[in-house]
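**Student:** Here it is: the structure, laid out below.
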Amino acid sequence: MMAENLDRRSFLVASGTVATTAVAGCLDSDDGDGDETGESNDLQMMLSPVSTLDPCGIIGERQEWQSYQIHETLFFYEGGFEPAIGDLATDYEISDDYQTYTITLKEGVTFHNGTEMTAEDVVYSWRRLAASPNNSNNSDHIVDGVMNVVHERNEEEEVIPESMEIEAVDDYTVEMTIDPPFHGTIGWLSHISFGIIPEGIVGDIDGYEGEMEYDEWMTEHATGTGPFQLEDWNQGSDMTLTRFDEYHGSTAEAPEIRFQIVEDPNARYTRAVNEQNADIFQIPRTQYNPGLQTVEESSDEGQDSREFGTYGPVDGGEELQYGSVALPQTQFLQCNTLNVETAARKALAYAINQEVVAENATDGLGQPAYFVTPPTAFPGGEEEYYATAEEEYPYSFGESDRDAAREVMEDAGYSEDNPYELTIQQKSDTRVAEWDAVVSYISDLASNIHIDVSVEQAPSGTLIGRAIEGNIDIFLNYMDLTWFEADSALRFTHPTPSTWTRWGEAETTDASEAAAGAWETYQENRLPTAEAEQTRAEQYLTIEFSNWEDVPLIPLWVPTEQVYHYDWVEGYEINGAVARSKLNDVFVGDRS
């Protein structure tokens, strides 16, 4: 059945709010002409080094400004707000058993190579996500992960692309069958890894010969449907995107987006404010001065809080406009429970004051975290998040209890003369300033509670590999939401062989058994119904409270992101945290 005349923000998607046996979505994207007041200047921005423009291979997608200009998905969170609505899709239906999704595609969508997007392009793109050697191990986004498209594997346990139950019913209809059901499917399909590219453009999976070699496509074409297309990419130097005049939505105001690729965030900032080489940019913590900020407007619309105002004047003499948004993300200490004793984990939890951590790490651009789930997806929302934490958190809410921490360590046989030794592993290529502040704070605390901390720094990829192998003690890490429910975070938290904490692997505890049982109950209640949603919320709390008990993860803070722009930039609004904004409506005026 079809739903008609529904407001897009209030439309009930498959996110646990639908109680009917068959669900349909009426999903539109805005169309419109460009600004009539004159031609926009080129938009200037800066990037850290980019490794790929292939949507199925993107990792850390929130940093990929350029990818959201080139590639699009069937659904997206407009402005970062729930629910997910249609981008390349116009309607969808869900079968009575909640396993088969029939999605109607927008007609007349043109790829950058001039071909029209059809259902076969969707089938091909999603097969690549499952089976391409270029997918950066993202195959669990579509098979054997939180959402599992029905499929078969060969003797080598490789996904057979042709076996996946994704079918082009006709040119503009795609049918996909998943097992088991998953309430967050529509939101999950908004992930940039589900971006659509032309069928057979590269031949890196069985059944497709490819029109060009992969490296040529990825570095010179990266064909998508977005408002901008790749013009030139000098890796490590710069990238240029040009306006795509055949775009199916609002044609871009700016003729080009020119990205300078600068690795050091401080250098990016300096060049942005002194040489005005960026119209829209971020300010690193090391350069941020809260005294220059004036809040002029705030909003609590949707799932997150946002602020808007001015910042400056900066070094170049200009006053900047800014927008900030609370990210659906939690920063935490991830403990390998096989390597770090329970006493040490609990002692750190007692000693750490999340309010101090948030202030030290962010200069106020964040808030203390007590759960793995960010406030935006916590059962009952942000108000319930902090009310529950203040009432129930067992490790000194809003303060540091070093006496309790020392008592725990002394009961375990440690003392000032016999300290417990552990190593904190810190990423050397992301959030360096924030984590430096956190590590310094924790090291000072630890020295007063009979724990001797050493620190190792290494690139993210190196530490991730070591975490997978179990060769870490404490890993400074974070959890992002991809859809707006707690399982988006907790799918990595409960005891399971794949979790980096190894929780419950050496021995089971009452807490680990409770968390494992809660996850089993969750698995039985994945339908997009109100009843199942209530059951899931109860299991989420069980997992969170069990994590408090055994402390495999120590939540630290929920970050806030700010994006700045000069006053000659019109039409830019900060997006929510699940995706970067499309920049087609941004108008760049006279910079003089």
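Numbering starts fresh at 1 for the residues of each chain in the structure tokens, the chains themselves are lettered A, B, ... in the order given, and ligands are numbered from 1 as they appear.
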Please list as a list in words every residue within 10 Å of A:Pro394, counting only C-alpha atoms and excluding residues in the same chain fewer than 4 positions away.
**Tutor:**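 Listed by chain and then number, they are Lys346, Ala349, Tyr350, Ala389, Glu390, Phe545, Trp548 and Glu549 of chain A.
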**Student:** Need the shell around A:Tyr386: protein/DNA/RNA residues with any atom at most 9 Å away, counting only C-alpha atoms. Skip same-chain ones fewer than 6 positions apart. Format as a PyMOL selection string?
**Tutor:** chain A and resi 369-370+375
**Student:** Which distance in Å separates atom CA of A:Ser190 and atom CA of A:Glu158, to one decimal?
**Tutor:**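 Atom CA of A:Glu158 lies at a distance of 25.0 Å from atom CA of A:Ser190.
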**Student:** Which residues are close to stretch 226-241 of chain A, i.e. within 10 Å by only C-alpha atoms, leaving aside same-chain residues fewer than 4 positions away? Reply as a CSV table (one decimal) with all heavy atoms, in the first residue's frame.
**Tutor:**
```csv
chain,number,residue,atom,x,y,z
A,42,ASP,N,33.4,30.3,-7.1
A,42,ASP,CA,33.8,29.0,-6.7
A,42,ASP,C,33.8,28.9,-5.2
A,42,ASP,O,34.2,29.8,-4.5
A,42,ASP,CB,35.2,28.6,-7.3
A,42,ASP,CG,35.2,28.6,-8.8
A,42,ASP,OD1,34.1,28.4,-9.4
A,42,ASP,OD2,36.3,28.7,-9.4
A,43,LEU,N,33.4,27.7,-4.7
A,43,LEU,CA,33.5,27.4,-3.3
A,43,LEU,C,34.9,26.8,-2.9
A,43,LEU,O,35.3,25.9,-3.6
A,43,LEU,CB,32.4,26.5,-2.9
A,43,LEU,CG,32.3,26.0,-1.4
A,43,LEU,CD1,32.1,27.1,-0.5
A,43,LEU,CD2,31.2,24.9,-1.3
A,44,GLN,N,35.5,27.4,-1.9
A,44,GLN,CA,36.9,26.9,-1.5
A,44,GLN,C,36.8,26.2,-0.2
A,44,GLN,O,36.2,26.7,0.7
A,44,GLN,CB,37.8,28.1,-1.4
A,44,GLN,CG,38.1,28.9,-2.7
A,44,GLN,CD,39.1,30.0,-2.6
A,44,GLN,OE1,39.8,30.3,-3.5
A,44,GLN,NE2,39.1,30.6,-1.4
A,45,MET,N,37.4,25.0,-0.1
A,45,MET,CA,37.4,24.3,1.1
A,45,MET,C,38.7,23.6,1.2
A,45,MET,O,39.6,23.6,0.3
A,45,MET,CB,36.3,23.2,1.1
A,45,MET,CG,34.9,23.9,1.0
A,45,MET,SD,33.5,22.7,1.3
A,45,MET,CE,33.7,22.3,3.0
A,46,MET,N,38.9,22.9,2.4
A,46,MET,CA,40.2,22.2,2.6
A,46,MET,C,39.8,20.8,3.1
A,46,MET,O,38.8,20.6,3.8
A,46,MET,CB,41.1,22.9,3.6
A,46,MET,CG,41.7,24.2,3.1
A,46,MET,SD,43.0,24.8,4.2
A,46,MET,CE,43.4,26.3,3.3
A,47,LEU,N,40.7,19.9,2.8
A,47,LEU,CA,40.5,18.5,3.2
A,47,LEU,C,41.8,17.9,3.9
A,47,LEU,O,42.9,18.4,3.5
A,47,LEU,CB,40.2,17.6,2.0
A,47,LEU,CG,38.9,17.7,1.3
A,47,LEU,CD1,38.9,16.8,0.1
A,47,LEU,CD2,37.8,17.3,2.2
A,48,SER,N,41.6,17.0,4.8
A,48,SER,CA,42.7,16.1,5.1
A,48,SER,C,42.9,15.1,3.9
A,48,SER,O,42.1,15.0,3.1
A,48,SER,CB,42.4,15.4,6.4
A,48,SER,OG,41.2,14.7,6.3
A,49,PRO,N,44.0,14.4,3.9
A,49,PRO,CA,44.2,13.5,2.8
A,49,PRO,C,43.1,12.5,2.6
A,49,PRO,O,42.5,12.0,3.6
A,49,PRO,CB,45.5,12.8,3.2
A,49,PRO,CG,46.3,13.8,4.0
A,49,PRO,CD,45.2,14.5,4.8
A,50,VAL,N,42.7,12.3,1.3
A,50,VAL,CA,41.6,11.4,1.0
A,50,VAL,C,42.2,10.1,0.4
A,50,VAL,O,43.1,10.1,-0.5
A,50,VAL,CB,40.7,12.1,0.0
A,50,VAL,CG1,39.6,11.2,-0.5
A,50,VAL,CG2,40.2,13.4,0.5
A,51,SER,N,41.6,9.0,0.9
A,51,SER,CA,42.2,7.7,0.4
A,51,SER,C,41.3,7.1,-0.8
A,51,SER,O,41.9,6.4,-1.6
A,51,SER,CB,42.2,6.7,1.5
A,51,SER,OG,41.0,6.5,2.1
A,52,THR,N,40.0,7.4,-0.8
A,52,THR,CA,39.2,6.8,-1.8
A,52,THR,C,38.0,7.7,-2.1
A,52,THR,O,37.5,8.4,-1.2
A,52,THR,CB,38.7,5.4,-1.4
A,52,THR,OG1,38.0,4.8,-2.5
A,52,THR,CG2,37.8,5.4,-0.2
A,53,LEU,N,37.4,7.6,-3.3
A,53,LEU,CA,36.2,8.2,-3.7
A,53,LEU,C,35.1,7.2,-4.0
A,53,LEU,O,34.1,7.5,-4.5
A,53,LEU,CB,36.4,9.2,-4.8
A,53,LEU,CG,37.2,10.4,-4.6
A,53,LEU,CD1,37.4,11.2,-5.8
A,53,LEU,CD2,36.6,11.3,-3.5
A,66,GLN,N,33.7,15.6,0.3
A,66,GLN,CA,33.6,15.5,-1.2
A,66,GLN,C,32.7,14.4,-1.6
A,66,GLN,O,32.0,14.4,-2.6
A,66,GLN,CB,35.0,15.4,-1.8
A,66,GLN,CG,35.7,14.1,-1.7
A,66,GLN,CD,36.1,13.8,-0.3
A,66,GLN,OE1,36.1,14.6,0.6
A,66,GLN,NE2,36.4,12.5,0.0
A,67,SER,N,32.7,13.3,-0.8
A,67,SER,CA,31.9,12.1,-1.2
A,67,SER,C,30.4,12.4,-1.3
A,67,SER,O,29.7,11.9,-2.1
A,67,SER,CB,32.1,11.0,-0.3
A,67,SER,OG,33.5,10.6,-0.3
A,68,TYR,N,29.9,13.3,-0.4
A,68,TYR,CA,28.5,13.6,-0.3
A,68,TYR,C,28.1,14.6,-1.4
A,68,TYR,O,26.9,14.8,-1.7
A,68,TYR,CB,28.1,14.2,1.0
A,68,TYR,CG,28.0,13.1,2.1
A,68,TYR,CD1,29.1,12.9,2.9
A,68,TYR,CD2,26.9,12.3,2.2
A,68,TYR,CE1,29.0,11.9,3.9
A,68,TYR,CE2,26.8,11.3,3.1
A,68,TYR,CZ,27.9,11.1,4.0
A,68,TYR,OH,27.8,10.1,4.9
A,69,GLN,N,29.1,15.2,-2.1
A,69,GLN,CA,28.8,16.0,-3.3
A,69,GLN,C,28.7,15.1,-4.6
A,69,GLN,O,28.0,15.5,-5.5
A,69,GLN,CB,29.8,17.1,-3.5
A,69,GLN,CG,30.3,17.8,-2.2
A,69,GLN,CD,29.1,18.2,-1.3
A,69,GLN,OE1,28.1,18.8,-1.8
A,69,GLN,NE2,29.2,17.9,0.0
A,70,ILE,N,29.5,14.0,-4.6
A,70,ILE,CA,29.6,13.2,-5.8
A,70,ILE,C,28.6,12.1,-5.8
A,70,ILE,O,27.9,11.8,-6.8
A,70,ILE,CB,31.0,12.6,-5.9
A,70,ILE,CG1,32.0,13.7,-6.0
A,70,ILE,CG2,31.1,11.6,-7.0
A,70,ILE,CD1,33.5,13.2,-5.9
A,71,HIS,N,28.4,11.4,-4.6
A,71,HIS,CA,27.6,10.2,-4.5
A,71,HIS,C,26.3,10.4,-3.7
A,71,HIS,O,26.3,11.2,-2.7
A,71,HIS,CB,28.4,9.0,-3.9
A,71,HIS,CG,29.6,8.7,-4.8
A,71,HIS,ND1,29.5,8.1,-6.0
A,71,HIS,CD2,30.9,8.8,-4.5
A,71,HIS,CE1,30.7,7.9,-6.5
A,71,HIS,NE2,31.6,8.3,-5.6
A,72,GLU,N,25.3,9.7,-4.0
A,72,GLU,CA,24.0,9.8,-3.3
A,72,GLU,C,23.5,8.4,-3.0
A,72,GLU,O,23.8,7.4,-3.6
A,72,GLU,CB,23.0,10.6,-4.1
A,72,GLU,CG,23.4,12.0,-4.3
A,72,GLU,CD,22.4,12.8,-5.1
A,72,GLU,OE1,22.0,12.3,-6.2
A,72,GLU,OE2,21.9,13.8,-4.6
A,73,THR,N,22.6,8.3,-2.0
A,73,THR,CA,22.0,7.0,-1.6
A,73,THR,C,20.5,7.1,-1.8
A,73,THR,O,20.0,8.2,-2.1
A,73,THR,CB,22.3,6.8,-0.1
A,73,THR,OG1,21.9,7.9,0.7
A,73,THR,CG2,23.8,6.5,0.1
A,109,VAL,N,16.9,10.4,-13.1
A,109,VAL,CA,18.2,10.7,-12.5
A,109,VAL,C,19.3,10.4,-13.4
A,109,VAL,O,19.4,9.3,-13.9
A,109,VAL,CB,18.3,10.0,-11.1
A,109,VAL,CG1,19.7,10.2,-10.5
A,109,VAL,CG2,17.2,10.4,-10.2
A,110,THR,N,20.2,11.3,-13.6
A,110,THR,CA,21.3,11.1,-14.5
A,110,THR,C,22.7,11.0,-13.8
A,110,THR,O,23.0,11.8,-12.9
A,110,THR,CB,21.4,12.3,-15.5
A,110,THR,OG1,20.2,12.5,-16.2
A,110,THR,CG2,22.5,12.1,-16.6
A,111,PHE,N,23.4,10.0,-14.2
A,111,PHE,CA,24.8,9.9,-13.7
A,111,PHE,C,25.7,10.9,-14.3
A,111,PHE,O,25.4,11.4,-15.4
A,111,PHE,CB,25.4,8.5,-14.0
A,111,PHE,CG,24.8,7.4,-13.0
A,111,PHE,CD1,24.0,6.4,-13.5
A,111,PHE,CD2,25.2,7.4,-11.7
A,111,PHE,CE1,23.5,5.4,-12.7
A,111,PHE,CE2,24.7,6.4,-10.9
A,111,PHE,CZ,23.9,5.4,-11.4
A,112,HIS,N,26.8,11.1,-13.8
A,112,HIS,CA,27.8,12.1,-14.3
A,112,HIS,C,28.3,11.7,-15.7
A,112,HIS,O,28.8,12.5,-16.4
A,112,HIS,CB,29.0,12.3,-13.4
A,112,HIS,CG,28.6,12.8,-12.0
A,112,HIS,ND1,29.3,12.5,-10.9
A,112,HIS,CD2,27.5,13.6,-11.6
A,112,HIS,CE1,28.7,13.1,-9.8
A,112,HIS,NE2,27.6,13.8,-10.3
A,113,ASN,N,28.2,10.4,-16.0
A,113,ASN,CA,28.6,9.9,-17.4
A,113,ASN,C,27.5,10.0,-18.4
A,113,ASN,O,27.7,9.6,-19.5
A,113,ASN,CB,29.2,8.5,-17.3
A,113,ASN,CG,28.1,7.5,-16.9
A,113,ASN,OD1,27.0,7.8,-16.6
A,113,ASN,ND2,28.5,6.2,-16.9
A,195,GLY,N,26.0,4.2,-1.6
A,195,GLY,CA,26.0,5.1,-2.7
A,195,GLY,C,25.9,4.4,-4.0
A,195,GLY,O,26.5,3.3,-4.2
A,196,ILE,N,25.1,5.0,-5.0
A,196,ILE,CA,24.8,4.3,-6.2
A,196,ILE,C,25.8,4.8,-7.3
A,196,ILE,O,26.0,6.0,-7.5
A,196,ILE,CB,23.4,4.5,-6.7
A,196,ILE,CG1,22.4,4.2,-5.5
A,196,ILE,CG2,23.0,3.7,-7.9
A,196,ILE,CD1,22.6,2.8,-4.9
A,218,MET,N,38.3,5.4,-10.1
A,218,MET,CA,38.2,6.0,-8.8
A,218,MET,C,39.0,7.4,-8.7
A,218,MET,O,38.5,8.3,-8.0
A,218,MET,CB,38.8,5.0,-7.8
A,218,MET,CG,38.5,5.3,-6.3
A,218,MET,SD,39.7,6.4,-5.5
A,218,MET,CE,41.0,5.2,-5.3
A,219,THR,N,40.1,7.5,-9.5
A,219,THR,CA,40.8,8.7,-9.4
A,219,THR,C,40.5,9.8,-10.4
A,219,THR,O,40.8,11.0,-10.2
A,219,THR,CB,42.3,8.4,-9.5
A,219,THR,OG1,42.6,7.8,-10.8
A,219,THR,CG2,42.8,7.5,-8.4
A,220,GLU,N,39.8,9.4,-11.5
A,220,GLU,CA,39.5,10.3,-12.6
A,220,GLU,C,38.1,10.6,-12.8
A,220,GLU,O,37.7,11.6,-13.5
A,220,GLU,CB,40.2,9.9,-13.9
A,220,GLU,CG,41.7,9.8,-13.8
A,220,GLU,CD,42.4,9.3,-15.1
A,220,GLU,OE1,41.7,9.5,-16.2
A,220,GLU,OE2,43.5,8.8,-15.1
A,221,HIS,N,37.2,9.7,-12.4
A,221,HIS,CA,35.8,9.8,-12.7
A,221,HIS,C,34.9,9.7,-11.5
A,221,HIS,O,34.1,10.6,-11.2
A,221,HIS,CB,35.4,8.7,-13.7
A,221,HIS,CG,36.2,8.7,-15.0
A,221,HIS,ND1,36.0,9.7,-16.0
A,221,HIS,CD2,37.2,8.0,-15.4
A,221,HIS,CE1,36.8,9.5,-16.9
A,221,HIS,NE2,37.6,8.5,-16.6
A,222,ALA,N,35.0,8.6,-10.7
A,222,ALA,CA,34.2,8.4,-9.5
A,222,ALA,C,32.7,8.7,-9.7
A,222,ALA,O,32.1,9.4,-8.9
A,222,ALA,CB,34.8,9.3,-8.3
A,245,ASP,N,25.3,20.0,-14.3
A,245,ASP,CA,24.2,20.8,-14.7
A,245,ASP,C,22.9,19.9,-14.9
A,245,ASP,O,21.8,20.4,-15.0
A,245,ASP,CB,24.5,21.5,-16.0
A,245,ASP,CG,25.5,22.6,-15.9
A,245,ASP,OD1,25.5,23.2,-14.8
A,245,ASP,OD2,26.2,22.9,-16.8
A,246,GLU,N,23.1,18.6,-15.0
A,246,GLU,CA,22.0,17.7,-15.2
A,246,GLU,C,21.5,17.1,-13.9
A,246,GLU,O,20.8,16.1,-13.9
A,246,GLU,CB,22.4,16.5,-16.2
A,246,GLU,CG,22.8,17.0,-17.5
A,246,GLU,CD,21.8,17.9,-18.2
A,246,GLU,OE1,20.6,17.5,-18.2
A,246,GLU,OE2,22.1,18.9,-18.8
A,247,TYR,N,21.9,17.7,-12.8
A,247,TYR,CA,21.5,17.1,-11.5
A,247,TYR,C,20.0,17.1,-11.3
A,247,TYR,O,19.3,18.0,-11.7
A,247,TYR,CB,22.2,18.0,-10.4
A,247,TYR,CG,21.9,17.5,-9.0
A,247,TYR,CD1,22.2,16.2,-8.6
A,247,TYR,CD2,21.3,18.4,-8.0
A,247,TYR,CE1,21.9,15.8,-7.3
A,247,TYR,CE2,21.1,17.9,-6.7
A,247,TYR,CZ,21.4,16.6,-6.4
A,247,TYR,OH,21.1,16.2,-5.1
A,248,HIS,N,19.5,16.0,-10.7
A,248,HIS,CA,18.1,15.8,-10.5
A,248,HIS,C,17.4,16.7,-9.5
A,248,HIS,O,16.2,16.8,-9.4
A,248,HIS,CB,17.8,14.4,-10.2
A,248,HIS,CG,18.4,13.9,-8.9
A,248,HIS,ND1,17.7,14.0,-7.7
A,248,HIS,CD2,19.6,13.4,-8.5
A,248,HIS,CE1,18.4,13.5,-6.7
A,248,HIS,NE2,19.6,13.2,-7.2
A,249,GLY,N,18.2,17.4,-8.7
A,249,GLY,CA,17.7,18.3,-7.6
A,249,GLY,C,18.0,19.7,-8.0
A,249,GLY,O,18.0,20.1,-9.2
A,250,SER,N,18.3,20.5,-7.0
A,250,SER,CA,18.6,21.9,-7.2
A,250,SER,C,20.0,22.0,-7.7
A,250,SER,O,21.0,21.6,-7.1
A,250,SER,CB,18.5,22.6,-5.8
A,250,SER,OG,19.0,23.9,-5.9
A,251,THR,N,20.1,22.6,-8.9
A,251,THR,CA,21.4,22.7,-9.6
A,251,THR,C,22.3,23.6,-8.7
A,251,THR,O,21.9,24.6,-8.1
A,251,THR,CB,21.3,23.4,-11.0
A,251,THR,OG1,20.4,22.6,-11.7
A,251,THR,CG2,22.6,23.5,-11.7
A,252,ALA,N,23.6,23.2,-8.6
A,252,ALA,CA,24.5,23.9,-7.7
A,252,ALA,C,24.7,25.4,-8.0
A,252,ALA,O,24.8,25.7,-9.2
A,252,ALA,CB,25.9,23.2,-7.7
A,253,GLU,N,24.8,26.2,-7.0
A,253,GLU,CA,25.0,27.6,-7.2
A,253,GLU,C,26.5,27.8,-7.6
A,253,GLU,O,26.8,28.6,-8.5
A,253,GLU,CB,24.8,28.3,-5.9
A,253,GLU,CG,23.3,28.3,-5.4
A,253,GLU,CD,22.4,29.2,-6.2
A,253,GLU,OE1,22.9,29.9,-7.0
A,253,GLU,OE2,21.2,29.2,-5.9
A,254,ALA,N,27.4,27.2,-6.9
A,254,ALA,CA,28.8,27.4,-7.2
A,254,ALA,C,29.3,26.6,-8.4
A,254,ALA,O,28.9,25.4,-8.5
A,254,ALA,CB,29.7,27.0,-6.0
A,255,PRO,N,30.0,27.2,-9.3
A,255,PRO,CA,30.5,26.5,-10.5
A,255,PRO,C,31.4,25.3,-10.2
A,255,PRO,O,31.4,24.3,-10.8
A,255,PRO,CB,31.2,27.5,-11.4
A,255,PRO,CG,30.6,28.8,-10.9
A,255,PRO,CD,30.4,28.6,-9.4
A,256,GLU,N,32.2,25.5,-9.1
A,256,GLU,CA,33.2,24.6,-8.7
A,256,GLU,C,33.4,24.5,-7.2
A,256,GLU,O,33.0,25.5,-6.5
A,256,GLU,CB,34.6,24.9,-9.3
A,256,GLU,CG,34.7,24.7,-10.8
A,256,GLU,CD,36.2,24.9,-11.2
A,256,GLU,OE1,37.0,25.4,-10.5
A,256,GLU,OE2,36.4,24.5,-12.4
A,257,ILE,N,33.8,23.4,-6.7
A,257,ILE,CA,34.3,23.3,-5.3
A,257,ILE,C,35.8,23.0,-5.5
A,257,ILE,O,36.1,21.9,-6.0
A,257,ILE,CB,33.6,22.3,-4.5
A,257,ILE,CG1,32.1,22.5,-4.4
A,257,ILE,CG2,34.2,22.3,-3.0
A,257,ILE,CD1,31.4,21.5,-3.6
A,258,ARG,N,36.7,23.8,-4.9
A,258,ARG,CA,38.1,23.5,-5.0
A,258,ARG,C,38.6,23.2,-3.6
A,258,ARG,O,38.5,24.0,-2.7
A,258,ARG,CB,38.8,24.7,-5.6
A,258,ARG,CG,38.5,25.0,-7.0
A,258,ARG,CD,39.3,26.1,-7.6
A,258,ARG,NE,38.8,27.4,-7.1
A,258,ARG,CZ,39.4,28.6,-7.1
A,258,ARG,NH1,40.6,28.6,-7.7
A,258,ARG,NH2,38.9,29.7,-6.7
A,259,PHE,N,39.1,22.0,-3.4
A,259,PHE,CA,39.6,21.5,-2.2
A,259,PHE,C,41.1,21.5,-2.2
A,259,PHE,O,41.7,20.9,-3.1
A,259,PHE,CB,39.1,20.1,-1.9
A,259,PHE,CG,37.7,19.9,-1.7
A,259,PHE,CD1,36.9,19.4,-2.8
A,259,PHE,CD2,37.1,20.1,-0.5
A,259,PHE,CE1,35.5,19.2,-2.6
A,259,PHE,CE2,35.7,19.9,-0.3
A,259,PHE,CZ,34.9,19.4,-1.4
A,260,GLN,N,41.7,22.2,-1.2
A,260,GLN,CA,43.1,22.0,-1.0
A,260,GLN,C,43.3,20.9,0.0
A,260,GLN,O,42.5,20.8,1.0
A,260,GLN,CB,43.8,23.3,-0.4
A,260,GLN,CG,43.8,24.4,-1.4
A,260,GLN,CD,44.5,25.6,-0.9
A,260,GLN,OE1,45.6,25.4,-0.3
A,260,GLN,NE2,44.0,26.8,-1.1
A,261,ILE,N,44.2,20.0,-0.2
A,261,ILE,CA,44.4,18.8,0.7
A,261,ILE,C,45.6,19.2,1.6
A,261,ILE,O,46.8,19.3,1.1
A,261,ILE,CB,44.6,17.6,-0.1
A,261,ILE,CG1,43.4,17.3,-0.9
A,261,ILE,CG2,45.0,16.4,0.8
A,261,ILE,CD1,43.5,16.1,-1.9
A,262,VAL,N,45.4,19.4,2.9
A,262,VAL,CA,46.4,19.7,3.8
A,262,VAL,C,46.2,18.8,5.0
A,262,VAL,O,45.2,18.7,5.6
A,262,VAL,CB,46.2,21.2,4.3
A,262,VAL,CG1,47.3,21.6,5.3
A,262,VAL,CG2,46.2,22.1,3.1
A,263,GLU,N,47.3,18.1,5.4
A,263,GLU,CA,47.2,17.1,6.4
A,263,GLU,C,47.0,17.7,7.8
A,263,GLU,O,46.2,17.2,8.6
A,263,GLU,CB,48.4,16.2,6.4
A,263,GLU,CG,48.3,15.0,7.3
A,263,GLU,CD,49.4,14.0,7.1
A,263,GLU,OE1,50.2,14.2,6.2
A,263,GLU,OE2,49.4,12.9,7.8
A,582,LYS,N,25.1,18.4,1.6
A,582,LYS,CA,25.3,18.7,0.2
A,582,LYS,C,25.4,20.2,0.1
A,582,LYS,O,24.8,21.0,0.8
A,582,LYS,CB,24.1,18.3,-0.6
A,582,LYS,CG,23.9,16.7,-0.7
A,582,LYS,CD,22.7,16.4,-1.6
A,582,LYS,CE,22.4,14.9,-1.5
A,582,LYS,NZ,21.3,14.6,-2.4
A,583,LEU,N,26.3,20.6,-0.8
A,583,LEU,CA,26.7,22.1,-0.9
A,583,LEU,C,26.1,22.7,-2.1
A,583,LEU,O,26.6,23.8,-2.5
A,583,LEU,CB,28.2,22.2,-0.8
A,583,LEU,CG,28.8,21.6,0.4
A,583,LEU,CD1,30.4,21.6,0.3
A,583,LEU,CD2,28.4,22.4,1.7
A,584,ASN,N,25.1,22.1,-2.7
A,584,ASN,CA,24.6,22.7,-4.0
A,584,ASN,C,23.8,24.0,-3.8
A,584,ASN,O,23.7,24.8,-4.7
A,584,ASN,CB,23.7,21.7,-4.7
A,584,ASN,CG,22.7,21.0,-3.8
A,584,ASN,OD1,23.0,20.5,-2.8
A,584,ASN,ND2,21.4,21.0,-4.3
A,585,ASP,N,23.3,24.3,-2.6
A,585,ASP,CA,22.6,25.5,-2.3
A,585,ASP,C,23.4,26.6,-1.8
A,585,ASP,O,22.9,27.7,-1.4
A,585,ASP,CB,21.4,25.2,-1.4
A,585,ASP,CG,20.3,24.4,-2.0
A,585,ASP,OD1,20.1,24.5,-3.3
A,585,ASP,OD2,19.6,23.6,-1.3
```
**Student:** Skip stretch 430-437 of chain A itself and residues of its chain fewer than 6 positions away, then list as a list of chain:residue names all residues within 10 Å of it, counting only C-alpha atoms.
**Tutor:**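 Near neighbours after the sequence-gap exclusion: A:Pro265, A:Pro284, A:Arg285, A:Thr286, A:Gln331, A:Val357, A:Ala358, A:Glu359, A:Asn360, A:Ala361, A:Thr362, A:Asp363, A:Gln457, A:Pro459, A:Ser460, A:Leu476, A:Asn477.
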**Student:** Tell me, in Å to one decimal, how far atom CA of A:Asn289 is from atom CA of A:Glu307.
**Tutor:** 16.3 Å
**Student:** One decimal, in Å: what's the spacing between atom CA of A:Ser298 and atom CA of A:Ala278?
**Tutor:** 25.3 Å
**Student:** Quick one: of A:Ala119, A:Leu553, A:Leu422, A:Leu490, who's nearest to A:Val146, counting only C-alpha atoms?
**Tutor:**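 Comparing A:Ala119, A:Leu553, A:Leu422, A:Leu490 against A:Val146, the winner is A:Leu490.
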**Student:** Applying 12 Å and only C-alpha atoms, which residues near A:Val143 remain after dropping the ones on its own chain fewer than 6 positions away? List them as JSON, numbers by chain.
**Tutor:** {"A": [126, 127, 128, 129, 130, 131, 137, 149, 150, 151, 152, 153, 158, 159, 160, 161, 163, 164, 165, 166, 177, 178, 179, 180]}
**Student:** Stretch 290-485 of chain A: which residues are strand (DSSP E) by DSSP, as a PyMOL selection string?
**Tutor:** chain A and resi 293-299+306-311+320-326+329-335+366-368+420-427+451-458+474-480
**Student:** What's around A:Ser443 at 10 Å? Count only C-alpha atoms, leave out sequence neighbours fewer than 5 positions away in its own chain, and write the answer as a PyMOL selection string.
**Tutor:** chain A and resi 424+438+448+451-455
**Student:** Once DSSP has gone over the backbone, tell me which residues of stretch 477-591 of chain A are in helix (DSSP H, G or I), as a PyMOL selection string.
**Tutor:** chain A and resi 487-490+510-523+530-550
**Student:** Just checking: using only C-alpha atoms, which residue out of A:Phe484, A:Tyr269, A:Trp500, A:Phe587 ends up closest to A:Gly187?
**Tutor:**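 Checking each of A:Phe484, A:Tyr269, A:Trp500, A:Phe587 against A:Gly187, counting only C-alpha atoms, the winner is A:Phe484.
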**Student:** If you count only C-alpha atoms, which residues fall within 7 Å of A:Pro368, apart from same-chain ones fewer than 4 positions away, as a PyMOL selection string?
**Tutor:** chain A and resi 354-355+358+556-558
**Student:** Would you mind exporting C-alpha atoms of the selected residues as a short mmCIF file (atom, residue, chain, number, x, y, z; two decimals), in the first residue's frame?
**Tutor:**
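Contents of result-v1.cif, as written:
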```cif
data_model
loop_
_atom_site.label_atom_id
_atom_site.label_comp_id
_atom_site.auth_asym_id
_atom_site.auth_seq_id
_atom_site.Cartn_x
_atom_site.Cartn_y
_atom_site.Cartn_z
CA GLN A 354 33.57 13.02 32.94
CA GLU A 355 32.81 16.71 33.36
CA ALA A 358 34.73 16.95 28.53
CA LEU A 556 33.99 9.93 28.56
CA TRP A 557 32.27 12.61 26.50
CA VAL A 558 29.80 13.40 23.73
#
```
